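Dropping target_20.txt in here (compact mmCIF, C-alpha atoms):
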```txt
# COMPACT_ATOMS: atom_id res chain seq x y z
CA ILE A 9 -6.27 3.95 4.15
CA ARG A 10 -5.96 6.30 7.13
CA LEU A 11 -2.20 5.74 7.32
CA ALA A 12 -1.72 6.42 3.60
CA SER A 13 -3.97 9.49 3.54
CA ALA A 14 -2.20 10.89 6.62
CA SER A 15 1.15 10.31 4.90
CA CYS A 16 -0.01 12.20 1.80
CA SER A 17 -1.25 15.06 3.96
CA ALA A 18 1.95 15.21 6.03
CA ASP A 19 4.13 15.21 2.92
CA THR A 20 2.09 18.01 1.36
CA SER A 21 2.22 20.10 4.55
CA SER A 22 5.99 19.67 4.87
CA GLY A 23 6.62 20.44 1.21
CA GLY A 24 7.99 16.95 0.58
CA SER A 25 10.52 17.05 3.43
CA SER A 26 8.88 14.53 5.79
CA GLY A 27 11.69 12.05 5.02
CA THR A 28 11.86 8.67 6.76
CA GLN A 29 8.86 9.49 8.95
CA ASN A 30 6.62 8.95 5.92
CA ILE A 31 5.81 5.53 4.45
CA LEU A 32 5.24 7.14 1.04
CA GLU A 33 7.51 8.97 -1.38
CA ARG A 34 6.73 11.35 -4.23
CA GLU A 35 6.65 10.07 -7.79
CA GLU A 36 9.19 11.99 -9.80
CA GLY A 37 7.81 14.28 -12.46
CA VAL A 38 4.17 13.79 -11.39
CA ALA A 39 2.27 16.37 -9.36
CA LEU A 40 0.34 15.07 -6.34
CA ALA A 41 1.33 11.43 -6.84
CA TRP A 42 2.91 9.13 -4.28
CA ARG A 43 4.04 5.52 -4.04
CA LEU A 44 5.04 3.19 -1.22
CA ARG A 45 8.70 3.57 -0.30
CA SER A 46 10.82 0.68 -1.54
CA ASP A 47 12.11 -0.09 1.98
CA ILE A 48 8.61 -0.33 3.52
CA ARG A 49 6.76 -3.64 3.91
CA LEU A 50 3.13 -3.82 5.01
CA HIS A 51 1.64 -6.78 6.89
CA PHE A 52 -2.05 -7.48 7.48
CA TYR A 53 -3.25 -9.35 10.57
CA VAL A 54 -6.76 -10.73 11.03
CA SER A 55 -7.74 -12.52 14.24
CA THR A 56 -9.79 -15.24 12.52
CA LEU A 57 -10.58 -16.59 9.06
CA PRO A 58 -12.28 -13.88 6.94
CA CYS A 59 -15.96 -14.60 6.29
CA GLY A 60 -17.00 -16.01 2.94
CA GLU A 61 -14.92 -18.41 0.84
CA CYS A 62 -11.90 -18.37 3.17
CA ALA A 63 -14.01 -19.52 6.12
CA LEU A 64 -14.96 -22.76 4.34
CA VAL A 65 -11.77 -24.59 5.32
CA PRO A 66 -11.94 -28.38 5.58
CA LEU A 67 -12.42 -29.78 9.08
CA SER A 68 -10.64 -32.83 10.44
CA SER A 69 -12.45 -33.35 13.76
CA ASP A 70 -15.74 -32.58 15.46
CA SER A 71 -14.06 -30.19 17.88
CA GLU A 72 -13.20 -27.62 15.21
CA GLY A 73 -14.95 -24.60 13.78
CA THR A 74 -18.60 -23.67 13.60
CA LEU A 75 -19.74 -27.32 13.84
CA ALA A 76 -18.17 -27.98 17.24
CA HIS A 77 -21.23 -26.78 19.18
CA LYS A 78 -23.58 -28.82 16.98
CA TRP A 79 -21.68 -32.07 17.46
CA LEU A 80 -21.16 -31.48 21.18
CA LYS A 81 -24.93 -31.13 21.54
CA HIS A 82 -25.50 -34.36 19.60
CA LYS A 83 -22.98 -36.24 21.74
CA THR A 84 -24.54 -34.94 24.96
CA GLU A 85 -28.00 -36.04 23.82
CA ALA A 86 -26.67 -39.47 22.84
CA ILE A 87 -25.03 -39.99 26.23
CA ALA A 88 -28.22 -38.94 28.00
CA ALA A 89 -30.16 -41.48 25.93
CA SER A 90 -27.50 -44.15 26.60
CA GLN A 91 -26.72 -44.45 22.93
CA GLN A 92 -23.32 -45.78 22.00
CA GLN A 93 -23.16 -45.05 18.28
CA ASP A 94 -20.33 -42.92 16.91
CA LEU A 95 -21.55 -39.36 16.44
CA GLY A 96 -18.25 -37.98 15.18
CA LEU A 97 -17.96 -35.60 12.28
CA PRO A 98 -18.39 -37.12 8.80
CA LEU A 99 -15.14 -38.09 7.12
CA GLN A 100 -15.35 -34.95 4.97
CA ASP A 101 -16.81 -31.68 6.17
CA ARG A 102 -16.00 -28.00 6.17
CA ASN A 103 -16.43 -24.95 8.31
CA ARG A 104 -19.56 -22.84 7.81
CA THR A 105 -19.97 -19.16 6.91
CA GLY A 106 -22.88 -16.79 7.38
CA ALA A 107 -22.12 -15.02 4.10
CA LYS A 108 -24.81 -15.70 1.48
CA PRO A 109 -24.31 -16.22 -2.29
CA ALA A 110 -24.48 -12.89 -4.13
CA THR A 111 -27.19 -11.98 -6.61
CA GLY A 112 -26.82 -14.14 -9.72
CA MET A 113 -24.71 -16.75 -7.96
CA PRO A 114 -26.01 -20.34 -7.48
CA GLU A 115 -27.43 -21.03 -4.02
CA ASP A 116 -25.77 -23.27 -1.43
CA PRO A 117 -27.01 -26.90 -1.70
CA LYS A 118 -27.15 -27.14 2.13
CA GLN A 119 -26.51 -30.87 2.00
CA GLU A 120 -25.00 -32.80 4.88
CA GLY A 121 -21.26 -32.66 5.33
CA ILE A 122 -18.93 -31.02 2.84
CA GLY A 123 -21.78 -30.37 0.40
CA PHE A 124 -23.49 -27.78 2.62
CA HIS A 125 -21.80 -24.80 0.94
CA ARG A 126 -20.92 -24.22 -2.71
CA SER A 127 -17.30 -23.30 -3.42
CA GLY A 128 -16.08 -20.52 -5.67
CA VAL A 129 -19.13 -18.22 -5.60
CA LEU A 130 -19.19 -14.54 -4.69
CA ARG A 131 -20.87 -13.90 -1.33
CA TYR A 132 -22.50 -11.01 0.52
CA LYS A 133 -22.23 -10.44 4.25
CA SER A 134 -25.36 -11.71 5.95
CA GLY A 135 -26.12 -8.46 7.82
CA ARG A 136 -29.00 -8.04 10.27
CA SER A 137 -31.48 -10.89 10.03
CA ASP A 138 -34.47 -8.70 10.91
CA THR A 139 -33.77 -5.97 8.36
CA ARG A 140 -36.44 -5.39 5.73
CA PRO A 141 -35.31 -6.57 2.27
CA ASP A 142 -35.59 -3.06 0.78
CA ALA A 143 -33.40 -1.62 3.56
CA GLN A 144 -30.58 -4.17 3.38
CA THR A 145 -27.18 -3.00 2.22
CA VAL A 146 -25.03 -4.88 -0.28
CA CYS A 147 -21.56 -5.65 1.05
CA TYR A 148 -19.34 -8.40 -0.29
CA SER A 149 -17.76 -10.80 2.18
CA CYS A 150 -14.32 -10.19 3.67
CA SER A 151 -12.83 -12.94 1.47
CA GLU A 152 -14.04 -11.22 -1.71
CA LYS A 153 -12.72 -7.83 -0.63
CA ILE A 154 -9.30 -9.08 0.51
CA CYS A 155 -8.88 -11.14 -2.67
CA ARG A 156 -9.66 -8.06 -4.76
CA TRP A 157 -7.33 -5.81 -2.77
CA ASN A 158 -4.49 -8.33 -3.13
CA HIS A 159 -4.76 -7.89 -6.91
CA ILE A 160 -5.59 -4.21 -7.48
CA GLY A 161 -4.16 -2.63 -4.33
CA TRP A 162 -5.23 -1.91 -0.78
CA GLN A 163 -5.37 1.88 -1.14
CA GLY A 164 -8.95 1.89 -2.44
CA ALA A 165 -10.52 3.81 -5.30
CA LEU A 166 -10.28 7.24 -3.64
CA LEU A 167 -6.57 7.09 -2.78
CA ALA A 168 -5.80 5.48 -6.15
CA ARG A 169 -6.03 9.01 -7.55
CA LEU A 170 -2.96 9.89 -5.48
CA ILE A 171 -1.25 6.49 -5.12
CA ARG A 172 -1.35 5.04 -8.60
CA GLU A 173 0.78 1.95 -8.04
CA PRO A 174 -1.03 -0.88 -6.17
CA VAL A 175 -0.26 -0.91 -2.44
CA THR A 176 0.26 -4.58 -1.59
CA MET A 177 0.78 -6.61 1.55
CA ALA A 178 4.00 -8.52 2.11
CA SER A 179 2.08 -10.99 4.26
CA VAL A 180 -1.41 -11.79 5.50
CA VAL A 181 -1.33 -13.33 8.98
CA ILE A 182 -4.41 -15.20 10.19
CA GLY A 183 -5.05 -16.08 13.83
CA GLY A 184 -7.49 -18.52 15.38
CA PRO A 185 -7.48 -22.32 15.54
CA LEU A 186 -8.52 -23.02 11.93
CA TYR A 187 -6.08 -22.70 9.05
CA GLU A 188 -5.02 -24.52 5.87
CA ALA A 189 -2.35 -22.72 3.85
CA SER A 190 -3.29 -23.88 0.33
CA PHE A 191 -7.02 -23.28 0.90
CA VAL A 192 -6.45 -19.78 2.29
CA ARG A 193 -4.11 -18.87 -0.61
CA GLN A 194 -6.71 -20.05 -3.12
CA ALA A 195 -9.53 -18.12 -1.42
CA LEU A 196 -7.65 -14.85 -0.91
CA PHE A 197 -5.57 -14.69 -4.10
CA GLU A 198 -5.41 -17.51 -6.64
CA ARG A 199 -9.14 -17.84 -7.42
CA ALA A 200 -9.10 -14.37 -9.03
CA GLY A 201 -6.79 -15.69 -11.77
CA THR A 202 -3.91 -13.79 -13.33
CA SER A 203 -3.75 -10.19 -12.19
CA ALA A 204 -3.61 -7.52 -14.89
CA SER A 205 -1.29 -5.52 -12.64
CA ASP A 206 1.01 -8.53 -12.03
CA ALA A 207 0.46 -8.17 -8.29
CA ARG A 208 2.70 -10.36 -6.16
CA CYS A 209 0.94 -12.94 -4.03
CA PRO A 210 1.49 -12.13 -0.34
CA ALA A 211 2.83 -14.73 2.06
CA PHE A 212 -0.08 -16.33 3.91
CA LEU A 213 0.87 -17.21 7.47
CA HIS A 214 -0.85 -18.55 10.58
CA THR A 215 -0.31 -17.72 14.23
CA PRO A 216 -1.84 -19.53 17.23
CA VAL A 217 -1.38 -16.39 19.33
CA LEU A 218 -4.83 -14.95 20.07
CA PHE A 219 -5.58 -11.27 19.72
CA ASP A 220 -6.77 -10.24 23.21
CA TRP A 221 -10.16 -8.97 22.05
CA SER A 222 -10.91 -11.54 19.35
CA ARG A 223 -13.96 -13.78 19.69
CA SER A 224 -11.76 -16.85 20.24
CA ALA A 225 -9.82 -15.16 23.05
CA ARG A 226 -12.98 -13.94 24.77
CA GLU A 227 -14.70 -17.32 24.51
CA SER A 228 -11.61 -19.11 25.87
CA LEU A 229 -11.99 -17.12 29.11
CA GLN A 230 -15.65 -17.90 29.65
CA GLY A 231 -16.35 -19.70 32.89
CA THR A 232 -13.13 -18.44 34.51
CA THR A 233 -12.88 -15.99 37.39
CA SER A 234 -11.69 -13.26 35.03
CA MET A 235 -14.74 -13.62 32.82
CA PRO A 236 -17.93 -15.36 33.94
CA PHE A 237 -20.08 -16.85 31.21
CA ALA A 238 -21.40 -14.17 28.87
CA LYS A 239 -22.61 -14.01 25.32
CA VAL A 240 -20.05 -12.58 22.89
CA SER A 241 -21.91 -10.41 20.40
CA THR A 242 -22.02 -6.98 18.82
CA ALA A 243 -21.17 -4.39 21.44
CA GLY A 244 -23.29 -1.46 22.55
CA LEU A 245 -20.95 0.87 20.68
CA SER A 246 -22.88 0.21 17.46
CA ILE A 247 -24.43 3.51 16.43
CA VAL A 248 -28.11 3.38 15.53
CA TRP A 249 -29.91 6.57 14.56
CA CYS A 250 -33.30 6.89 16.24
CA PRO A 251 -35.47 10.07 16.43
CA LEU A 252 -36.79 11.24 19.79
CA ALA A 253 -40.31 10.24 20.74
CA GLY A 254 -42.85 12.51 19.13
CA GLN A 255 -40.28 14.08 16.81
CA ASP A 256 -41.22 14.45 13.15
CA GLN A 257 -39.40 11.66 11.31
CA GLY A 258 -39.88 13.20 7.89
CA PRO A 259 -41.68 11.81 4.84
CA GLY A 260 -41.21 8.11 4.22
CA ALA A 261 -39.07 7.46 7.32
CA ARG A 262 -39.45 3.82 8.34
CA SER A 263 -37.59 1.50 10.67
CA ILE A 264 -35.08 -0.81 9.02
CA SER A 265 -36.13 -3.52 11.48
CA ARG A 266 -39.26 -5.59 10.95
CA ASN A 267 -39.51 -6.13 14.71
CA LEU A 268 -38.52 -2.84 16.35
CA PRO A 269 -39.78 0.66 15.47
CA GLY A 270 -37.54 3.70 15.25
CA PHE A 271 -34.24 2.15 14.11
CA HIS A 272 -33.24 3.76 10.84
CA ASP A 273 -29.57 3.21 10.11
CA VAL A 274 -26.70 1.13 11.48
CA LEU A 275 -23.51 3.14 10.95
CA ILE A 276 -20.78 1.10 12.62
CA GLY A 277 -20.29 -1.89 14.88
CA ARG A 278 -17.63 -4.14 16.33
CA THR A 279 -17.39 -7.47 18.10
CA GLY A 280 -17.09 -7.31 21.88
CA GLU A 281 -18.70 -8.41 25.11
```
Hey, can you dump this file as structure tokens for me?
Amino acid sequence: IRLASASCSADTSSGGSSGTQNILEREEGVALAWRLRSDIRLHFYVSTLPCGECALVPLSSDSEGTLAHKWLKHKTEAIAASQQQDLGLPLQDRNRTGAKPATGMPEDPKQEGIGFHRSGVLRYKSGRSDTRPDAQTVCYSCSEKICRWNHIGWQGALLARLIREPVTMASVVIGGPLYEASFVRQALFERAGTSASDARCPAFLHTPVLFDWSRSARESLQGTTSMPFAKVSTAGLSIVWCPLAGQDQGPGARSISRNLPGFHDVLIGRTGE
């Protein structure tokens, strides 16, 4: 969005003479309307499976995904108790996601194995667990948003006023250890059905190369000399508005947290150390 809006602004400032430095070109005969240049291809990289439907990939071993820690704990306890039974992953299971079924969607069965989650439902991001129900925001999972953008365009509603043709990705590249091509394609494109705009399905690709600051890359370094063991969680750069002690908070101002007073709004956050 920032790249496209900057391109529109640069083209307007230069009177349409920005040339090959701009990823957009003017639509002929239409005032204040742009489209992606025909020789430009956009590629989207995400360092791990997007939360929601796409994260529910099938697992083939007990060393994969969100269940690895659970099964490692079970195996350790079994060894300590001198038990010899096989505690491997069930023959069929899937990765887990923290995204919850959206309002009006059927709940997850939470059965053992592959029946824990329900497939094909819209999901919300889980958000802060200690946030009061009336203060929680509604945000669809990354899988829902990417699937939608792949059909109607990545420029968003605001820029759609200026860029009327859908801006699409030539490829979506997913990092991390978990990946199944057909499952990812279904979750991020095909489950939405036939697109009214005839959007072309992007190529879905996988790379084992870790993004330096992804969770997987950080966790792989834990216990080494370059990074002693540390919890990987939301960084201190998250911005939380909190009035000064004794300052008038205004009528009706309440903390969004059930446990901590004075925290009123989470504006932005990222994953880090």
Long-range neighbours of Ser190 in chain A as an mmCIF file with C-alpha atoms, in the frame of the given file, 12 Å cut-off, only C-alpha atoms, 3 positions minimum in chain:
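Saved to around.cif:
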```
data_model
loop_
_atom_site.group_PDB
_atom_site.id
_atom_site.type_symbol
_atom_site.label_atom_id
_atom_site.label_comp_id
_atom_site.auth_asym_id
_atom_site.auth_seq_id
_atom_site.Cartn_x
_atom_site.Cartn_y
_atom_site.Cartn_z
ATOM 1 C CA CYS A 62 -11.900 -18.370 3.170
ATOM 2 C CA VAL A 65 -11.770 -24.590 5.320
ATOM 3 C CA PRO A 66 -11.940 -28.380 5.580
ATOM 4 C CA TYR A 187 -6.080 -22.700 9.050
ATOM 5 C CA ARG A 193 -4.110 -18.870 -0.610
ATOM 6 C CA GLN A 194 -6.710 -20.050 -3.120
ATOM 7 C CA ALA A 195 -9.530 -18.120 -1.420
ATOM 8 C CA LEU A 196 -7.650 -14.850 -0.910
ATOM 9 C CA PHE A 197 -5.570 -14.690 -4.100
ATOM 10 C CA GLU A 198 -5.410 -17.510 -6.640
ATOM 11 C CA ARG A 199 -9.140 -17.840 -7.420
ATOM 12 C CA ALA A 211 2.830 -14.730 2.060
ATOM 13 C CA PHE A 212 -0.080 -16.330 3.910
ATOM 14 C CA LEU A 213 0.870 -17.210 7.470
ATOM 15 C CA HIS A 214 -0.850 -18.550 10.580
#
```
Problem - Option closest in space to Leu218 in chain A, from A:Val192, A:Ile9, A:Ile182, A:Ala18 [counting only C-alpha atoms] - result: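 For Leu218 in chain A, the nearest of the given residues is A:Ile182.
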Write out as an mmCIF file with C-alpha atoms, keeping the file's coordinate frame the residues lying within 12 Å of Lys153 in chain A, counting all atoms listed in the file and excluding same-chain residues fewer than 3 positions away.
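Wrote out-v3.cif, looks like this:
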```cif
data_model
loop_
_atom_site.group_PDB
_atom_site.id
_atom_site.type_symbol
_atom_site.label_atom_id
_atom_site.label_comp_id
_atom_site.auth_asym_id
_atom_site.auth_seq_id
_atom_site.Cartn_x
_atom_site.Cartn_y
_atom_site.Cartn_z
ATOM 1 C CA PRO A 58 -12.280 -13.880 6.940
ATOM 2 C CA CYS A 59 -15.960 -14.600 6.290
ATOM 3 C CA GLY A 60 -17.000 -16.010 2.940
ATOM 4 C CA GLU A 61 -14.920 -18.410 0.840
ATOM 5 C CA CYS A 62 -11.900 -18.370 3.170
ATOM 6 C CA LEU A 130 -19.190 -14.540 -4.690
ATOM 7 C CA ARG A 131 -20.870 -13.900 -1.330
ATOM 8 C CA TYR A 132 -22.500 -11.010 0.520
ATOM 9 C CA LYS A 133 -22.230 -10.440 4.250
ATOM 10 C CA CYS A 147 -21.560 -5.650 1.050
ATOM 11 C CA TYR A 148 -19.340 -8.400 -0.290
ATOM 12 C CA SER A 149 -17.760 -10.800 2.180
ATOM 13 C CA CYS A 150 -14.320 -10.190 3.670
ATOM 14 C CA ARG A 156 -9.660 -8.060 -4.760
ATOM 15 C CA TRP A 157 -7.330 -5.810 -2.770
ATOM 16 C CA ASN A 158 -4.490 -8.330 -3.130
ATOM 17 C CA HIS A 159 -4.760 -7.890 -6.910
ATOM 18 C CA ILE A 160 -5.590 -4.210 -7.480
ATOM 19 C CA GLY A 161 -4.160 -2.630 -4.330
ATOM 20 C CA TRP A 162 -5.230 -1.910 -0.780
ATOM 21 C CA GLY A 164 -8.950 1.890 -2.440
ATOM 22 C CA ALA A 195 -9.530 -18.120 -1.420
ATOM 23 C CA LEU A 196 -7.650 -14.850 -0.910
ATOM 24 C CA PHE A 197 -5.570 -14.690 -4.100
ATOM 25 C CA ALA A 200 -9.100 -14.370 -9.030
#
```
Practice task
Calculate how many Å separate CA of Asn103 in chain A from CA of Ala207 in chain A, rounding to one decimal.
Solution key: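 Computed distance, CA of Asn103 in chain A to CA of Ala207 in chain A, equals 29.0 Å.
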Exercise for the section: Point out the residue among A:Arg172, A:Val54, A:Val217, A:Val181 with the least atom-to-atom distance to Ala41 in chain A, counting only C-alpha atoms. Expected result: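 Under the stated criterion, the closest residue is A:Arg172.
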Practice task
Tell me, in Å to one decimal, how far CA of Ala178 in chain A is from CA of Leu57 in chain A.
Solution key: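 Atom-to-atom, CA of Ala178 in chain A and CA of Leu57 in chain A are spaced 18.1 Å apart.
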Exercise for the section: Find the spatial neighbours of Gln163 in chain A, counting only C-alpha atoms, within a cut-off of 8 Å - ignore same-chain residues fewer than 4 positions away - and output them as an NGL selection string. Expected result: :A and (9 or 12 or 167-168 or 171 or 174-175)
Can I get the selected residues back with C-alpha atoms, as a compact mmCIF listing (two decimals), keeping the file's coordinate frame?
```txt
# COMPACT_ATOMS: atom_id res chain seq x y z
CA ILE A 9 -6.27 3.95 4.15
CA ALA A 12 -1.72 6.42 3.60
CA LEU A 167 -6.57 7.09 -2.78
CA ALA A 168 -5.80 5.48 -6.15
CA ILE A 171 -1.25 6.49 -5.12
CA PRO A 174 -1.03 -0.88 -6.17
CA VAL A 175 -0.26 -0.91 -2.44
```
Problem - Point-to-point distance from CA of Gly37 in chain A to CA of Leu50 in chain A, Å rounded to tenths - result: 25.6 Å
